[in-house]
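data-v8.txt follows; it contains compact mmCIF, C-alpha atoms.
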```txt
# COMPACT_ATOMS: atom_id res chain seq x y z
CA MET A 297 20.98 22.14 -50.31
CA SER A 298 18.48 24.05 -48.19
CA CYS A 299 16.39 22.08 -45.65
CA PHE A 300 13.59 24.63 -46.13
CA PHE A 301 13.76 24.23 -49.90
CA ASP A 302 13.71 20.43 -49.74
CA GLU A 303 10.70 20.38 -47.44
CA PHE A 304 8.91 23.08 -49.42
CA LYS A 305 9.26 21.00 -52.60
CA SER A 306 7.89 17.94 -50.81
CA VAL A 307 4.74 19.90 -49.92
CA PHE A 308 4.15 20.24 -53.67
CA SER A 309 4.90 16.58 -54.31
CA GLY A 310 1.70 16.19 -56.32
CA ARG A 311 2.90 18.70 -58.91
CA PRO A 312 4.44 16.93 -61.92
CA LYS A 313 7.87 18.07 -63.07
CA GLU A 314 9.79 17.05 -66.15
CA GLY A 315 13.15 18.23 -67.37
CA ILE A 316 14.88 21.37 -66.12
CA VAL A 317 13.14 24.64 -65.31
CA SER A 318 14.99 27.67 -66.67
CA PHE A 319 13.55 31.19 -66.41
CA LYS A 320 16.73 33.24 -65.77
CA LEU A 321 14.87 36.42 -64.93
CA PRO A 322 16.67 39.77 -64.54
CA PHE A 323 17.96 40.97 -61.20
CA VAL A 324 16.03 44.07 -60.12
CA HIS A 325 17.48 46.71 -57.83
CA SER A 326 14.80 49.07 -56.48
CA THR A 327 15.77 52.51 -55.25
CA SER A 328 14.80 56.20 -55.28
CA ALA A 329 15.47 58.75 -58.04
CA TYR A 330 18.03 60.40 -55.75
CA ASN A 331 20.00 57.17 -55.32
CA ALA A 332 19.55 56.22 -58.97
CA LEU A 333 21.42 59.35 -60.04
CA GLU A 334 24.27 58.50 -57.68
CA ILE A 335 24.43 54.94 -59.03
CA VAL A 336 24.54 56.14 -62.64
CA LYS A 337 27.15 58.76 -61.74
CA GLN A 338 29.39 56.09 -60.19
CA LYS A 339 28.54 53.52 -62.92
CA GLU A 340 28.33 50.86 -60.23
CA LEU A 341 26.15 49.44 -57.48
CA HIS A 342 28.11 49.02 -54.26
CA ALA A 343 27.73 46.30 -51.67
CA VAL A 344 27.36 47.86 -48.21
CA GLU A 345 28.28 46.38 -44.84
CA ASP A 346 25.34 45.40 -42.67
CA ASN A 347 24.62 42.74 -40.07
CA LYS A 348 21.32 41.42 -41.40
CA ILE A 349 22.65 38.07 -42.58
CA LYS A 350 26.24 37.86 -41.39
CA GLU A 351 28.16 40.31 -39.26
CA HIS A 352 30.80 42.53 -40.88
CA GLU A 353 29.93 41.31 -44.37
CA GLN A 354 29.09 43.57 -47.31
CA HIS A 355 25.81 42.85 -49.08
CA LEU A 356 24.13 43.97 -52.29
CA TYR A 357 20.40 43.24 -52.56
CA PHE A 358 18.28 42.47 -55.62
CA TYR A 359 14.80 41.17 -56.26
CA TYR A 360 14.57 38.37 -58.77
CA GLY A 361 12.40 39.27 -61.76
CA ARG A 362 10.14 41.69 -59.89
CA ALA A 363 10.13 45.24 -58.56
CA ALA A 364 8.77 45.22 -55.02
CA TYR A 365 8.23 47.99 -52.48
CA PRO A 366 6.74 48.50 -49.01
CA VAL A 367 3.18 49.84 -49.10
CA ASN A 368 1.03 52.02 -46.84
CA LYS A 369 3.98 53.94 -45.44
CA GLY A 370 1.63 56.79 -44.45
CA GLU A 371 3.62 59.38 -46.36
CA LEU A 372 2.21 62.77 -47.30
CA PRO A 373 2.39 64.09 -50.87
CA ARG A 374 5.60 65.94 -51.71
CA GLY A 375 6.70 67.97 -54.66
CA ASP A 376 10.21 66.50 -54.64
CA ASP A 377 10.60 63.81 -57.31
CA SER A 378 13.93 62.69 -55.82
CA TYR A 379 11.93 60.24 -53.69
CA PHE A 380 10.07 58.69 -56.62
CA PRO A 381 10.81 55.00 -57.30
CA CYS A 382 13.34 53.80 -59.86
CA CYS A 383 14.79 50.42 -60.60
CA PHE A 384 17.67 48.87 -62.52
CA LEU A 385 17.33 45.57 -64.40
CA PHE A 386 20.48 43.49 -64.69
CA ASN A 387 21.56 40.30 -66.37
CA GLY A 388 22.47 38.27 -63.29
CA MET A 389 23.72 35.16 -65.08
CA GLU A 390 27.34 35.81 -64.12
CA TYR A 391 26.75 37.53 -60.78
CA PRO A 392 27.80 35.37 -57.79
CA ILE A 393 24.83 34.85 -55.47
CA GLU A 394 25.79 34.48 -51.84
CA TYR A 395 22.30 34.11 -50.36
CA ALA A 396 18.72 33.78 -51.58
CA PHE A 397 15.43 34.08 -49.71
CA PRO A 398 11.80 33.49 -50.76
CA PHE A 399 10.87 36.93 -49.38
CA ASP A 400 12.34 40.29 -48.43
CA SER A 401 14.80 39.69 -45.58
CA GLY A 402 14.41 43.19 -44.17
CA ALA A 403 10.64 42.83 -43.85
CA PHE A 404 11.18 39.46 -42.13
CA LEU A 405 13.59 40.97 -39.60
CA ARG A 406 11.10 43.79 -38.90
CA LYS A 407 8.57 41.09 -37.93
CA MET A 408 6.21 42.00 -40.76
CA TYR A 409 5.54 38.31 -41.38
CA SER A 410 4.83 37.44 -37.74
CA PRO A 411 1.07 36.95 -38.31
CA PHE A 412 2.12 33.79 -40.21
CA ILE A 413 5.72 32.97 -39.27
CA ASN A 414 6.60 32.55 -35.60
CA GLU A 415 8.79 35.38 -34.33
CA SER A 416 11.28 32.85 -32.92
CA SER A 417 12.08 31.70 -36.46
CA THR A 418 15.41 32.86 -37.84
CA LEU A 419 16.25 34.22 -41.27
CA GLN A 420 18.72 31.38 -41.79
CA GLN A 421 15.86 28.85 -41.60
CA PHE A 422 14.53 30.19 -44.92
CA PHE A 423 17.63 30.04 -47.08
CA LEU A 424 17.08 29.02 -50.69
CA PRO A 425 20.01 27.41 -52.53
CA SER A 426 22.14 30.14 -54.05
CA SER A 427 21.91 29.04 -57.68
CA LEU A 428 19.63 30.31 -60.43
CA ASP A 429 18.57 26.77 -61.34
CA SER A 430 17.34 26.13 -57.79
CA ILE A 431 15.67 29.54 -57.57
CA ASP A 432 13.84 28.83 -60.83
CA GLU A 433 12.84 25.43 -59.48
CA TYR A 434 11.37 27.12 -56.38
CA ILE A 435 9.32 29.40 -58.66
CA TYR A 436 8.01 26.38 -60.53
CA TYR A 437 6.82 24.65 -57.36
CA ALA A 438 5.41 27.74 -55.64
CA PHE A 439 3.94 29.60 -58.62
CA GLY A 440 3.88 27.20 -61.56
CA SER A 441 5.50 29.62 -64.03
CA ALA A 442 7.53 32.80 -64.29
CA TYR A 443 4.40 34.62 -65.45
CA ASN A 444 2.50 33.60 -62.31
CA TYR A 445 5.46 34.54 -60.13
CA THR A 446 5.73 38.06 -61.52
CA ARG A 447 1.98 38.50 -60.99
CA GLY A 448 2.08 37.01 -57.48
CA ILE A 449 -0.24 34.11 -58.41
CA VAL A 450 0.48 31.15 -56.11
CA GLU A 451 0.10 27.52 -57.20
CA SER A 452 -2.28 26.12 -54.56
CA GLU A 453 -3.29 22.78 -56.09
CA ARG A 454 -1.94 19.39 -55.02
CA VAL A 455 -0.41 20.77 -51.82
CA THR A 456 0.15 18.44 -48.88
CA ILE A 457 0.22 20.23 -45.51
CA ASN A 458 -0.15 18.15 -42.35
CA ILE A 459 0.87 17.99 -38.69
CA ASN A 460 4.38 16.85 -39.68
CA THR A 461 5.01 19.92 -41.83
CA SER A 462 7.41 22.29 -40.07
CA TYR A 463 6.09 25.54 -38.66
CA GLN A 464 8.41 27.42 -41.03
CA VAL A 465 7.02 25.82 -44.21
CA ARG A 466 3.44 25.81 -42.95
CA GLY A 467 3.55 29.48 -41.91
CA PHE A 468 5.31 30.57 -45.08
CA TYR A 469 2.82 28.76 -47.31
CA ASN A 470 -0.13 30.27 -45.40
CA MET A 471 1.42 33.69 -45.95
CA LEU A 472 1.81 33.02 -49.67
CA ILE A 473 -1.84 32.12 -50.17
CA ASN A 474 -3.26 34.74 -47.80
CA LYS A 475 -5.59 37.28 -49.44
CA SER A 476 -6.91 39.09 -46.39
CA ALA A 477 -5.79 42.55 -45.23
CA GLN A 478 -2.43 42.17 -43.48
CA GLN A 479 0.74 44.17 -42.97
CA THR A 480 2.51 42.00 -45.55
CA ASP A 481 2.91 43.27 -49.13
CA SER A 482 4.22 42.02 -52.48
CA ARG A 483 7.68 41.50 -50.95
CA CYS A 484 6.45 38.34 -49.19
CA ARG A 485 6.07 36.73 -52.65
CA THR A 486 9.26 38.16 -54.14
CA ILE A 487 12.58 36.31 -54.16
CA GLU A 488 15.53 38.26 -52.81
CA VAL A 489 19.04 37.48 -54.04
CA VAL A 490 22.05 38.81 -52.17
CA GLY A 491 25.66 39.11 -53.23
CA THR A 492 28.84 40.46 -51.71
CA ASP A 493 30.33 41.82 -54.96
CA ASN A 494 29.62 45.17 -56.57
CA MET A 495 27.59 45.29 -59.78
CA LYS A 496 29.00 47.42 -62.58
CA LEU A 497 26.73 49.15 -65.08
CA THR A 498 28.10 47.77 -68.36
CA SER A 499 26.76 46.64 -71.71
CA GLU A 500 27.02 43.04 -70.47
CA THR A 501 25.08 43.60 -67.24
CA LEU A 502 22.63 46.48 -67.68
CA LEU A 503 19.32 45.60 -69.36
CA ALA A 504 17.02 48.51 -68.50
CA VAL A 505 16.34 51.37 -66.10
CA VAL A 506 12.91 52.58 -64.96
CA ILE A 507 12.85 56.27 -64.00
CA PRO A 508 10.46 59.22 -63.62
CA GLU A 509 9.90 60.88 -66.99
CA ILE A 510 11.49 64.12 -65.78
CA LEU A 511 14.88 62.37 -65.62
CA ARG A 512 14.94 61.21 -69.25
CA ASP A 513 16.85 64.35 -70.29
CA HIS A 514 19.28 64.28 -67.38
CA ARG A 515 22.81 64.12 -68.73
CA PHE A 516 23.75 61.18 -66.48
CA PHE A 517 21.07 58.99 -68.04
CA LYS A 518 21.81 60.23 -71.55
CA GLU A 519 25.45 59.29 -71.05
CA LEU A 520 24.45 55.92 -69.57
CA ILE A 521 22.37 54.95 -72.61
CA ALA A 522 24.97 56.31 -75.02
CA ALA A 523 27.59 54.06 -73.37
CA ASN A 524 25.19 51.09 -73.21
CA PRO A 525 23.00 51.35 -76.32
CA LYS A 526 21.37 47.95 -75.77
CA ALA A 527 19.98 49.05 -72.40
CA GLU A 528 16.45 50.45 -72.40
CA LEU A 529 15.37 53.64 -70.65
CA LEU A 530 11.78 53.17 -69.47
CA SER A 531 9.98 56.14 -67.94
CA TYR A 532 6.66 57.06 -66.37
CA PRO A 533 4.93 60.47 -66.07
CA CYS A 534 4.71 62.15 -62.67
CA PHE A 535 2.07 64.50 -61.28
CA PHE A 536 2.48 67.12 -58.59
CA GLY A 537 0.95 66.16 -55.25
CA ASP A 538 1.42 62.41 -55.62
CA THR A 539 3.21 60.35 -53.01
CA ASP A 540 6.23 58.37 -54.11
CA ASP A 541 4.55 55.07 -53.28
CA SER A 542 1.67 55.91 -55.64
CA TYR A 543 4.06 55.08 -58.51
CA GLN A 544 5.16 51.68 -57.25
CA GLY A 545 2.54 49.83 -59.27
CA VAL A 546 3.58 51.80 -62.35
CA VAL A 547 7.19 50.69 -61.94
CA ARG A 548 6.11 47.07 -61.39
CA GLU A 549 4.10 47.20 -64.61
CA LYS A 550 7.08 48.63 -66.53
CA VAL A 551 9.21 45.71 -65.34
CA PHE A 552 6.47 43.21 -66.18
CA ARG A 553 6.02 44.63 -69.70
CA TYR A 554 9.78 44.50 -70.24
CA LEU A 555 9.77 40.78 -69.36
CA GLU A 556 6.74 40.18 -71.55
CA THR A 557 8.23 42.06 -74.52
CA HIS A 558 11.53 40.21 -74.24
CA GLN A 559 9.81 36.81 -74.08
CA TYR A 560 10.85 35.76 -70.60
CA PHE A 561 7.44 34.09 -70.32
CA SER A 562 7.05 32.55 -73.78
CA ASN A 563 10.40 30.75 -73.48
CA TYR A 564 9.00 28.86 -70.51
CA VAL A 565 5.75 28.09 -72.34
CA LEU A 566 7.64 26.61 -75.28
CA GLU A 567 9.99 24.61 -73.08
CA TRP A 568 7.25 23.01 -71.01
CA GLY A 569 4.65 22.69 -73.74
CA ILE A 570 2.01 24.62 -71.77
CA LYS A 571 -0.54 26.37 -73.94
```

Any chance you could put this one into structure tokens?
Amino acid sequence: MSCFFDEFKSVFSGRPKEGIVSFKLPFVHSTSAYNALEIVKQKELHAVEDNKIKEHEQHLYFYYGRAAYPVNKGELPRGDDSYFPCCFLFNGMEYPIEYAFPFDSGAFLRKMYSPFINESSTLQQFFLPSSLDSIDEYIYYAFGSAYNYTRGIVESERVTININTSYQVRGFYNMLINKSAQQTDSRCRTIEVVGTDNMKLTSETLLAVVIPEILRDHRFFKELIAANPKAELLSYPCFFGDTDDSYQGVVREKVFRYLETHQYFSNYVLEWGIK
């Protein structure tokens, strides 16, 4: 069990909990149109070696139930749609999670959260337990529901923060509830799950793909949907002169509407009796 997770739950000790929380949201892999074509061509997402978490270990990164991107990158408009955002939605029920974090680990390591979290803190101090049940439980305590989580709405009632609360939990909670202009973005409220295995694009794993509209007729995507007829191809229109980050909100909405349409929120409402 995670020390951070245990203490974080204790901060929300005034929040009643009954039974077992179970959201089981899709795993979301965000990428560019260029990389999306390569992924579809290979029919697989590959774990890549990096040293962010553990040296000489291969990692594959997903966001849990949300599409999240860096903002205000200062990019100029370009006519090349290969940079436009895409994302893949996967059923992660059978995927082995090696690590989980309550935020984007890359943004943490780039000190983007330093206005709230002391720079001497380590990534390992913010591990969440690597099980979907525990991740869903974290969502319940921090956000109250899967709906709130996907909208970035933090549960701020009945919270107990005092001098004995660790700097890690205190700083992280202050970052969650912050609404002022900061260098943080939606990734600070988005759970990251990390595995060391590849993820194949199959009828058992692939739920949906969000792409620029221009790619709907690309043969790679036509072949992908033909091979996986249950998967949905969701697209958005593009306009010349836009920056790629101008479509990030559009992609997030596509993912949110997919969850809404497929009753990822109403299942929770029925289970917990919340009207």

At a cut-off of 7 Å, can you tabulate as a tab-separated table every residue of range 421-480 of chain A near range 385-403 of chain A together with its closest atom pair and the distance in Å to one decimal, using only C-alpha atoms and ordering rows by chain then number?
```
residue	atom	partner	partner_atom	distance
A:Phe422	CA	A:Phe397	CA	6.2
A:Phe423	CA	A:Phe397	CA	5.3
A:Leu424	CA	A:Ala396	CA	5.1
A:Pro425	CA	A:Ala396	CA	6.6
A:Ser426	CA	A:Tyr395	CA	5.4
A:Ser427	CA	A:Ile393	CA	6.9
```

Nearest residue to Asp302 in chain A out of A:Phe358, A:Tyr445, A:Phe319, A:Tyr434, using only C-alpha atoms?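 The shortest atom-to-atom distance to Asp302 in chain A comes from A:Tyr434.
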
Using only C-alpha atoms, tabulate the residues of range 486-539 of chain A lying at most 9 Å from any atom of range 340-356 of chain A, each with its closest atom pair and that distance in Å to one decimal, by chain and increasing residue number, as a Markdown table.
```
| residue | atom | partner | partner_atom | distance |
| --- | --- | --- | --- | --- |
| A:Val489 | CA | A:Leu356 | CA | 8.4 |
| A:Val490 | CA | A:Leu356 | CA | 5.6 |
| A:Gly491 | CA | A:Leu356 | CA | 5.2 |
| A:Thr492 | CA | A:His355 | CA | 4.7 |
| A:Asp493 | CA | A:Ala343 | CA | 6.1 |
| A:Asn494 | CA | A:His342 | CA | 4.7 |
| A:Met495 | CA | A:Leu341 | CA | 5.0 |
| A:Lys496 | CA | A:Glu340 | CA | 4.2 |
| A:Leu497 | CA | A:Glu340 | CA | 5.4 |
| A:Thr498 | CA | A:Glu340 | CA | 8.7 |
```

Take the residues from that selection and put them in a file with C-alpha atoms, as a CSV table (one decimal), in the frame of the given file.
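The file below, again.csv, is the result:
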```csv
chain,number,residue,atom,x,y,z
A,489,VAL,CA,19.0,37.5,-54.0
A,490,VAL,CA,22.0,38.8,-52.2
A,491,GLY,CA,25.7,39.1,-53.2
A,492,THR,CA,28.8,40.5,-51.7
A,493,ASP,CA,30.3,41.8,-55.0
A,494,ASN,CA,29.6,45.2,-56.6
A,495,MET,CA,27.6,45.3,-59.8
A,496,LYS,CA,29.0,47.4,-62.6
A,497,LEU,CA,26.7,49.2,-65.1
A,498,THR,CA,28.1,47.8,-68.4
```

Could you tell me how far CA of Ala438 in chain A lies from CA of Glu549 in chain A, in Å and to one decimal?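 One can read the CA of Ala438 in chain A to CA of Glu549 in chain A distance as 21.5 Å.
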
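Interatomic distance, CA of Leu530 in chain A against CA of Val317 in chain A: 28.9 Å.
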
So what do you get for CA of Gly467 in chain A versus CA of Phe561 in chain A, distance-wise?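 The value is 29.0 Å.
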
Residue completion, range 397-426 of chain A, N, CA and C atoms, as an mmCIF file, in the frame of the given file:
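And here's part.cif as it stands now:
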```cif
data_model
loop_
_atom_site.group_PDB
_atom_site.id
_atom_site.type_symbol
_atom_site.label_atom_id
_atom_site.label_comp_id
_atom_site.auth_asym_id
_atom_site.auth_seq_id
_atom_site.Cartn_x
_atom_site.Cartn_y
_atom_site.Cartn_z
ATOM 1 N N PHE A 397 16.565 34.261 -50.621
ATOM 2 C CA PHE A 397 15.430 34.080 -49.710
ATOM 3 C C PHE A 397 14.130 34.123 -50.517
ATOM 4 N N PRO A 398 13.073 33.465 -50.030
ATOM 5 C CA PRO A 398 11.800 33.490 -50.760
ATOM 6 C C PRO A 398 10.982 34.746 -50.496
ATOM 7 N N PHE A 399 11.554 35.688 -49.736
ATOM 8 C CA PHE A 399 10.870 36.930 -49.380
ATOM 9 C C PHE A 399 11.908 38.009 -49.096
ATOM 10 N N ASP A 400 11.442 39.191 -48.775
ATOM 11 C CA ASP A 400 12.340 40.290 -48.430
ATOM 12 C C ASP A 400 12.875 40.089 -47.010
ATOM 13 N N SER A 401 14.198 39.987 -46.889
ATOM 14 C CA SER A 401 14.800 39.690 -45.580
ATOM 15 C C SER A 401 14.603 40.822 -44.587
ATOM 16 N N GLY A 402 14.608 42.064 -45.067
ATOM 17 C CA GLY A 402 14.410 43.190 -44.170
ATOM 18 C C GLY A 402 13.020 43.200 -43.557
ATOM 19 N N ALA A 403 12.008 42.901 -44.368
ATOM 20 C CA ALA A 403 10.640 42.830 -43.850
ATOM 21 C C ALA A 403 10.513 41.696 -42.830
ATOM 22 N N PHE A 404 11.195 40.581 -43.089
ATOM 23 C CA PHE A 404 11.180 39.460 -42.130
ATOM 24 C C PHE A 404 11.776 39.905 -40.801
ATOM 25 N N LEU A 405 12.923 40.565 -40.838
ATOM 26 C CA LEU A 405 13.590 40.970 -39.600
ATOM 27 C C LEU A 405 12.808 42.050 -38.845
ATOM 28 N N ARG A 406 11.965 42.795 -39.560
ATOM 29 C CA ARG A 406 11.100 43.790 -38.900
ATOM 30 C C ARG A 406 9.788 43.169 -38.426
ATOM 31 N N LYS A 407 9.719 41.838 -38.439
ATOM 32 C CA LYS A 407 8.570 41.090 -37.930
ATOM 33 C C LYS A 407 7.287 41.353 -38.712
ATOM 34 N N MET A 408 7.399 41.761 -39.965
ATOM 35 C CA MET A 408 6.210 42.000 -40.760
ATOM 36 C C MET A 408 5.462 40.717 -41.091
ATOM 37 N N TYR A 409 6.165 39.582 -41.026
ATOM 38 C CA TYR A 409 5.540 38.310 -41.380
ATOM 39 C C TYR A 409 5.083 37.526 -40.151
ATOM 40 N N SER A 410 5.161 38.147 -38.974
ATOM 41 C CA SER A 410 4.830 37.440 -37.740
ATOM 42 C C SER A 410 3.386 36.966 -37.630
ATOM 43 N N PRO A 411 2.411 37.555 -38.366
ATOM 44 C CA PRO A 411 1.070 36.950 -38.310
ATOM 45 C C PRO A 411 1.050 35.512 -38.853
ATOM 46 N N PHE A 412 2.075 35.130 -39.608
ATOM 47 C CA PHE A 412 2.120 33.790 -40.210
ATOM 48 C C PHE A 412 3.335 32.991 -39.756
ATOM 49 N N ILE A 413 4.473 33.654 -39.619
ATOM 50 C CA ILE A 413 5.720 32.970 -39.270
ATOM 51 C C ILE A 413 6.094 33.337 -37.833
ATOM 52 N N ASN A 414 6.287 32.329 -37.012
ATOM 53 C CA ASN A 414 6.600 32.550 -35.600
ATOM 54 C C ASN A 414 7.808 33.456 -35.437
ATOM 55 N N GLU A 415 7.723 34.395 -34.512
ATOM 56 C CA GLU A 415 8.790 35.380 -34.330
ATOM 57 C C GLU A 415 10.093 34.756 -33.848
ATOM 58 N N SER A 416 10.045 33.535 -33.341
ATOM 59 C CA SER A 416 11.280 32.850 -32.920
ATOM 60 C C SER A 416 12.032 32.248 -34.096
ATOM 61 N N SER A 417 11.394 32.208 -35.266
ATOM 62 C CA SER A 417 12.080 31.700 -36.460
ATOM 63 C C SER A 417 13.223 32.632 -36.832
ATOM 64 N N THR A 418 14.266 32.061 -37.422
ATOM 65 C CA THR A 418 15.410 32.860 -37.840
ATOM 66 C C THR A 418 15.453 32.973 -39.364
ATOM 67 N N LEU A 419 16.110 34.006 -39.827
ATOM 68 C CA LEU A 419 16.250 34.220 -41.270
ATOM 69 C C LEU A 419 16.955 33.036 -41.924
ATOM 70 N N GLN A 420 17.930 32.472 -41.228
ATOM 71 C CA GLN A 420 18.720 31.380 -41.790
ATOM 72 C C GLN A 420 17.884 30.113 -42.038
ATOM 73 N N GLN A 421 16.722 30.015 -41.397
ATOM 74 C CA GLN A 421 15.860 28.850 -41.600
ATOM 75 C C GLN A 421 15.128 28.903 -42.936
ATOM 76 N N PHE A 422 15.257 30.018 -43.664
ATOM 77 C CA PHE A 422 14.530 30.190 -44.920
ATOM 78 C C PHE A 422 15.464 30.371 -46.114
ATOM 79 N N PHE A 423 16.705 29.969 -45.951
ATOM 80 C CA PHE A 423 17.630 30.040 -47.080
ATOM 81 C C PHE A 423 17.098 29.221 -48.258
ATOM 82 N N LEU A 424 17.209 29.797 -49.468
ATOM 83 C CA LEU A 424 17.080 29.020 -50.690
ATOM 84 C C LEU A 424 18.488 28.723 -51.195
ATOM 85 N N PRO A 425 18.684 27.656 -51.949
ATOM 86 C CA PRO A 425 20.010 27.410 -52.530
ATOM 87 C C PRO A 425 20.414 28.585 -53.416
ATOM 88 N N SER A 426 21.674 28.937 -53.350
ATOM 89 C CA SER A 426 22.140 30.140 -54.050
ATOM 90 C C SER A 426 22.578 29.849 -55.476
#
```
